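Text of the file input_23.cif, holding mmCIF, C-alpha atoms and all ligand atoms:
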```cif
data_data
#
loop_
_atom_site.label_atom_id
_atom_site.label_comp_id
_atom_site.auth_asym_id
_atom_site.auth_seq_id
_atom_site.Cartn_x
_atom_site.Cartn_y
_atom_site.Cartn_z
CA MET A 253 26.14 59.82 151.92
CA THR A 254 25.01 62.03 154.78
CA LYS A 255 27.63 63.27 157.26
CA GLN A 256 24.97 63.72 159.94
CA LEU A 257 24.99 60.96 162.54
CA LYS A 258 21.34 61.70 163.34
CA ASP A 259 20.30 60.84 159.77
CA MET A 260 22.18 57.50 159.49
CA THR A 261 20.98 54.03 160.39
CA TRP A 262 23.34 52.08 162.63
CA GLN A 263 24.41 49.99 159.65
CA GLU A 264 25.25 53.13 157.67
CA ALA A 265 27.08 54.50 160.71
CA LYS A 266 29.10 51.27 160.97
CA LYS A 267 30.22 51.64 157.34
CA ALA A 268 30.95 55.35 157.79
CA PHE A 269 33.09 54.78 160.89
CA GLU A 270 35.13 52.17 159.00
CA ILE A 271 36.42 54.84 156.63
CA ILE A 272 35.91 58.21 158.38
CA LYS A 273 38.09 58.94 161.39
CA LEU A 274 37.17 62.58 162.07
CA GLY A 275 34.27 63.45 164.37
CA ILE A 276 32.88 66.99 164.60
CA ILE A 277 30.94 68.02 167.73
CA PRO A 278 29.25 71.46 167.76
CA THR A 279 28.81 72.98 171.23
CA GLY A 280 26.89 76.07 172.26
CA SER A 281 24.78 77.80 174.87
CA ILE A 282 21.26 78.98 175.53
CA GLU A 283 21.90 82.38 177.06
CA GLN A 284 20.83 85.98 176.91
CA HIS A 285 22.53 88.12 174.29
CA GLY A 286 21.17 91.57 175.07
CA PRO A 287 17.88 92.99 173.80
CA HIS A 288 18.47 92.23 170.11
CA LEU A 289 19.59 88.58 169.81
CA PRO A 290 17.85 85.27 170.62
CA LEU A 291 18.89 82.99 173.45
CA GLY A 292 20.04 80.37 170.94
CA THR A 293 22.67 82.63 169.31
CA ASP A 294 25.77 80.73 170.45
CA PHE A 295 24.59 77.27 169.51
CA MET A 296 23.07 78.44 166.21
CA ILE A 297 26.38 79.95 165.06
CA ALA A 298 28.36 76.86 166.13
CA GLU A 299 25.86 74.55 164.44
CA TYR A 300 25.88 76.54 161.19
CA LEU A 301 29.68 76.58 160.99
CA ALA A 302 29.94 72.88 161.87
CA ASN A 303 27.31 71.79 159.35
CA LYS A 304 28.92 73.76 156.51
CA VAL A 305 32.41 72.55 157.41
CA SER A 306 31.30 68.93 157.59
CA GLU A 307 29.89 69.17 154.06
CA LYS A 308 33.39 70.01 152.79
CA VAL A 309 35.52 67.39 154.58
CA ASP A 310 35.30 63.67 155.31
CA SER A 311 33.72 63.74 158.75
CA ILE A 312 30.89 62.49 160.88
CA ILE A 313 29.02 65.24 162.69
CA THR A 314 27.05 64.73 165.90
CA PRO A 315 23.98 66.76 166.87
CA THR A 316 24.83 70.07 168.56
CA ILE A 317 25.17 70.06 172.34
CA PRO A 318 23.14 73.22 172.84
CA ILE A 319 23.33 73.96 176.57
CA GLY A 320 26.62 74.89 178.25
CA PHE A 321 27.93 76.62 181.35
CA ALA A 322 26.44 80.11 181.52
CA ALA A 323 25.41 80.56 185.17
CA TYR A 324 26.99 84.02 185.23
CA HIS A 325 24.36 85.17 182.69
CA GLN A 326 21.44 83.97 184.79
CA ASP A 327 20.53 87.40 186.11
CA PHE A 328 18.80 87.56 182.73
CA GLU A 329 15.77 85.34 182.16
CA GLY A 330 15.89 82.32 179.89
CA THR A 331 19.59 81.55 180.25
CA LEU A 332 20.12 77.82 180.90
CA SER A 333 23.25 76.40 182.49
CA VAL A 334 24.78 73.12 183.61
CA PRO A 335 27.68 73.03 186.11
CA PRO A 336 31.20 72.81 184.60
CA ASP A 337 31.92 69.32 186.01
CA VAL A 338 28.68 67.95 184.55
CA LEU A 339 29.43 69.62 181.22
CA THR A 340 32.97 68.23 181.12
CA SER A 341 31.69 64.75 181.82
CA TYR A 342 28.97 65.10 179.16
CA TYR A 343 31.40 66.31 176.47
CA GLN A 344 33.85 63.58 177.45
CA SER A 345 31.18 60.89 177.16
CA VAL A 346 30.08 62.05 173.72
CA ALA A 347 33.71 62.14 172.54
CA ASP A 348 34.38 58.70 174.06
CA SER A 349 31.38 57.31 172.17
CA LEU A 350 32.98 58.39 168.89
CA VAL A 351 36.34 56.94 169.95
CA LEU A 352 34.59 53.64 170.69
CA TYR A 353 33.70 53.39 166.98
CA GLY A 354 37.23 54.14 165.79
CA VAL A 355 37.35 57.93 165.48
CA THR A 356 40.96 59.13 165.92
CA HIS A 357 40.40 62.90 165.53
CA ILE A 358 37.76 65.02 167.27
CA LEU A 359 37.07 68.67 166.52
CA PHE A 360 34.70 70.65 168.71
CA ILE A 361 33.28 73.78 167.10
CA ASN A 362 32.34 75.89 170.10
CA GLY A 363 30.08 78.94 170.12
CA HIS A 364 30.37 79.96 173.78
CA GLY A 365 33.39 80.96 175.87
CA GLY A 366 31.93 79.56 179.10
CA ASN A 367 32.42 76.04 177.70
CA ALA A 368 36.16 76.51 177.15
CA ASN A 369 37.43 75.14 180.47
CA SER A 370 35.39 71.95 180.03
CA LEU A 371 36.55 71.52 176.43
CA SER A 372 40.16 72.06 177.50
CA ALA A 373 39.86 69.31 180.12
CA VAL A 374 38.37 66.92 177.55
CA CYS A 375 41.12 67.68 175.00
CA ARG A 376 43.77 66.98 177.68
CA ASN A 377 42.16 63.64 178.48
CA LEU A 378 41.87 62.68 174.81
CA ARG A 379 45.50 63.62 174.13
CA ASP A 380 46.73 61.37 176.93
CA ARG A 381 44.84 58.51 175.31
CA GLY A 382 46.33 59.19 171.89
CA VAL A 383 43.27 60.85 170.33
CA THR A 384 43.91 64.09 168.44
CA SER A 385 41.43 66.80 169.44
CA ALA A 386 40.92 70.55 169.38
CA PHE A 387 38.23 73.15 169.89
CA ILE A 388 37.69 76.14 167.65
CA GLN A 389 36.08 79.42 168.77
CA TRP A 390 35.24 81.83 165.94
CA TRP A 391 35.88 85.02 167.93
CA GLN A 392 39.53 84.08 168.51
CA ILE A 393 40.08 83.80 164.76
CA ALA A 394 37.76 86.20 162.90
CA GLY A 395 39.57 89.35 164.09
CA GLU A 396 42.92 87.89 163.04
CA LEU A 397 41.57 87.26 159.54
CA ASN A 398 40.08 90.75 159.22
CA ASP A 399 40.62 93.67 161.63
CA LYS A 400 37.03 94.85 161.33
CA TRP A 401 35.81 91.54 162.79
CA SER A 402 37.87 91.95 165.98
CA MET A 403 35.88 91.07 169.06
CA ILE A 404 34.10 94.02 170.68
CA GLY A 405 31.97 92.17 173.19
CA HIS A 406 28.92 90.07 173.96
CA GLY A 407 26.25 90.52 171.27
CA ASP A 408 28.52 92.71 169.17
CA ILE A 409 28.30 93.69 165.49
CA SER A 410 30.01 90.51 164.22
CA GLU A 411 27.81 88.18 166.24
CA THR A 412 24.71 90.16 165.23
CA SER A 413 25.74 90.11 161.56
CA MET A 414 26.21 86.33 161.59
CA MET A 415 22.81 85.87 163.20
CA LEU A 416 21.23 88.10 160.51
CA ALA A 417 22.73 85.73 157.92
CA ILE A 418 21.73 82.52 159.73
CA SER A 419 18.36 83.41 161.20
CA GLY A 420 17.45 87.00 160.30
CA ASN A 421 13.84 86.75 161.53
CA ASN A 422 15.18 86.15 165.03
CA VAL A 423 17.20 89.39 165.20
CA ARG A 424 15.55 92.52 166.70
CA LEU A 425 17.88 94.96 164.96
CA GLU A 426 15.74 97.94 166.04
CA LYS A 427 16.70 97.14 169.64
CA ALA A 428 20.46 96.93 168.98
CA ALA A 429 22.72 99.68 170.35
CA VAL A 430 26.24 100.14 171.74
CA PRO A 431 25.90 98.79 175.30
CA THR A 432 26.96 100.87 178.29
CA ASN A 433 29.16 98.99 180.74
CA LYS A 434 28.56 99.91 184.37
CA TRP A 435 31.62 101.18 186.24
CA LEU A 436 32.13 99.29 189.48
CA THR A 437 33.27 102.41 191.34
CA ASP A 438 34.30 105.84 190.09
CA LYS A 439 37.80 104.45 189.52
CA VAL A 440 37.32 100.75 188.75
CA GLN A 441 36.13 99.74 185.28
CA MET A 442 35.38 96.24 184.05
CA THR A 443 37.57 95.27 181.08
CA ASP A 444 36.39 91.73 180.37
CA ARG A 445 34.60 89.13 182.48
CA THR A 446 37.64 88.26 184.56
CA THR A 447 39.58 91.52 184.82
CA CYS A 448 38.99 95.13 185.78
CA LYS A 449 41.12 98.20 185.32
CA PHE A 450 42.32 100.42 188.16
CA GLY A 451 44.55 103.23 186.97
CA PRO A 452 46.95 101.76 184.40
CA GLY A 453 46.94 98.22 185.88
CA LEU A 454 44.75 95.13 185.52
CA ILE A 455 43.22 93.34 188.52
CA ASN A 456 41.92 89.75 188.26
CA THR A 457 38.41 88.97 189.49
CA PHE A 458 35.12 87.57 188.15
CA PHE A 459 31.91 89.35 187.20
CA ARG A 460 28.38 88.19 186.67
CA THR A 461 26.96 89.89 183.61
CA GLY A 462 24.42 91.70 185.82
CA ASP A 463 27.29 93.36 187.73
CA ILE A 464 28.42 95.22 184.67
CA SER A 465 25.43 95.48 182.31
CA GLU A 466 21.76 96.53 182.50
CA THR A 467 20.92 95.16 179.07
CA GLY A 468 22.87 91.88 179.02
CA ASP A 469 25.17 92.76 176.14
CA PHE A 470 28.46 94.44 177.03
CA ILE A 471 31.79 95.60 175.70
CA GLU A 472 34.93 93.57 176.45
CA TYR A 473 38.06 95.64 176.34
CA GLY A 474 41.49 94.21 175.81
CA HIS A 475 40.86 91.23 173.48
CA SER A 476 42.36 93.09 170.54
CA SER A 477 44.04 96.43 170.07
CA LYS A 478 42.41 96.49 166.62
CA ALA A 479 38.81 96.55 167.89
CA ASP A 480 36.74 99.66 167.17
CA TYR A 481 34.54 99.89 170.26
CA SER A 482 32.32 102.56 168.76
CA LYS A 483 30.88 100.06 166.24
CA SER A 484 27.23 99.44 167.05
CA PRO A 485 25.47 96.09 166.54
CA ALA A 486 22.74 98.24 164.90
CA GLU A 487 25.11 98.54 161.91
CA ALA A 488 25.15 94.75 161.44
CA THR A 489 24.17 93.35 158.03
CA ALA A 490 23.46 89.85 156.77
CA GLU A 491 26.00 90.38 153.98
CA ASN A 492 28.74 91.12 156.50
CA GLY A 493 27.64 88.12 158.55
CA GLN A 494 27.75 85.77 155.56
CA GLU A 495 31.23 87.01 154.69
CA ILE A 496 32.48 86.26 158.23
CA LEU A 497 30.85 82.82 158.15
CA ASP A 498 32.25 81.93 154.72
CA VAL A 499 35.78 83.01 155.64
CA MET A 500 35.56 81.09 158.95
CA ILE A 501 34.29 77.96 157.16
CA ASN A 502 37.23 78.04 154.73
CA TYR A 503 39.67 78.65 157.60
CA ILE A 504 38.33 75.66 159.56
CA VAL A 505 38.39 73.42 156.47
CA ASP A 506 42.04 74.40 155.84
CA PHE A 507 42.84 73.69 159.49
CA ILE A 508 41.22 70.26 159.30
CA HIS A 509 43.49 69.25 156.40
CA GLU A 510 46.48 69.87 158.71
CA PHE A 511 44.71 68.56 161.82
CA LYS A 512 44.27 65.16 160.16
CA LYS A 513 48.06 64.88 159.78
CA ILE A 514 48.58 65.09 163.56
CA HIS A 515 48.83 61.72 165.30
CA PHE A 516 49.75 61.07 168.92
CA LYS A 517 50.70 57.94 170.80
CA PRO A 518 48.93 57.35 174.11
CA ALA A 519 50.91 58.79 177.03
CA GLU A 520 52.82 56.23 179.05
CA LYS A 521 52.71 58.31 182.21
CA ASN A 522 50.19 60.90 183.34
ZN ZN B 601 27.51 84.76 172.03
#
```
Re-express the file's structure as structure tokens.
Amino acid sequence: MTKQLKDMTWQEAKKAFEIIKLGIIPTGSIEQHGPHLPLGTDFMIAEYLANKVSEKVDSIITPTIPIGFAAYHQDFEGTLSVPPDVLTSYYQSVADSLVLYGVTHILFINGHGGNANSLSAVCRNLRDRGVTSAFIQWWQIAGELNDKWSMIGHGDISETSMMLAISGNNVRLEKAAVPTNKWLTDKVQMTDRTTCKFGPGLINTFFRTGDISETGDFIEYGHSSKADYSKSPAEATAENGQEILDVMINYIVDFIHEFKKIHFKPAEKN
């Protein structure tokens, strides 16, 4: 039987929901990823991981929600964005639709960091109603599983490698290079999207990608002390990408076996 909601009839869906209580919702973004990666990168990676995971566990998978919150990338053409409140409401409504049919566990597989606040709000709401939920972001896990996959930045070697494995014809590897972050002043350097470094200390702020990058891709310092920032996306290979994907798929499948054991009662007070 297919796991894909889009391929079922309503009668097949009815039967599936009677026995399957885990829903998987892939979420992504259409946004610039530097000169070498397609705009669909974030949703394509999330969709690939979610499809492969769903084949290995009892689950019903919804179509990918491809557009997220990415307004801060819109200095670069082609990036699409919906406001965070609209996105939260959209994710919530899709999740609620699954709950309506008896799903008790919802796992979002998210390919884009800009969606995280919305997903967090939805998970909080679901928890209060006694639905177990979580969202998984590959870049928070890959570097913990293997140092050489530690996050370097937007459009980095790991992301490029995975895209070579998933959709190699869409990667312009000849255009890939280590990006140069713009310094904000002689003494203030961007570290990640929300912090900059002045002397030894960190200052909180918020950058649009165009503030810190000419090419759209950029380095994010500080996510991991293990990251080797000299690694160029030009060194990406499909083999490396497939290895990351396969390890991530197994990790998520292992997590789901535990996730299914977690049950909450609805909160009595909010
Ligand atoms: Zn990305």
Show me, as AutoDock Vina command-line options, the centre and edge lengths in Å to one decimal of the axis-aligned box that covers every listed atom of segment 332-347 of chain A with 3 Å on each side.
```
--center_x 27.0 --center_y 69.4 --center_z 179.3 --size_x 19.7 --size_y 22.9 --size_z 19.6
```
(request) Please identify every polymer residue within 9 Å of ligand ZN 601 (chain B), using all atoms listed in the file, and present the set as a PyMOL selection string. (result) chain A and resi 280-281+283-285+291-295+297+363-365+405-408+411
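Excluding Ala265 of chain A itself and any same-chain residue fewer than 5 positions from it, the protein and nucleic acid residues within 10 Å of it, counting all atoms listed in the file, are A:Thr254, A:Lys255, A:Gln256, A:Leu257, A:Lys258, A:Asp259, A:Met260, A:Glu270, A:Ile272, A:Ile312, A:Tyr353.
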(request) Find the residues around segment 505-521 of chain A up to 6 Å (only C-alpha atoms counted), leave out those fewer than 5 positions away in its own chain, and share them as a PyMOL selection string. (result) chain A and resi 380-382
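Distances to Val423 of chain A were evaluated for A:Ala486, A:Ile388, A:Ile277, A:Val374 using all atoms listed in the file, and the minimum falls at A:Ala486.
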(request) Tell me, in Å to one decimal, how far atom CA of Pro290 of chain A is from atom CA of Val334 of chain A. (result)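 So the two atoms, atom CA of Pro290 of chain A and atom CA of Val334 of chain A, lie 19.1 Å apart.
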(request) Compile the contact shell of segment 466-469 of chain A as a PyMOL selection string: residues with an atom at most 12 Å away, counting only C-alpha atoms, same-chain residues fewer than 5 positions apart removed. (result) chain A and resi 283-291+324-331+404-409+411-412+427-435+445+460-461+484-485
(request) For atom CA of Gly320 of chain A and atom CA of Ser477 of chain A, quote the distance in Å rounded to one decimal. (result) 28.9 Å
(request) Check the smallest atom-to-atom distance from each of A:Ala368, A:Glu299, A:Lys308, A:Met442 to Ala322 of chain A using all atoms listed in the file, then report the winner. (result) A:Ala368
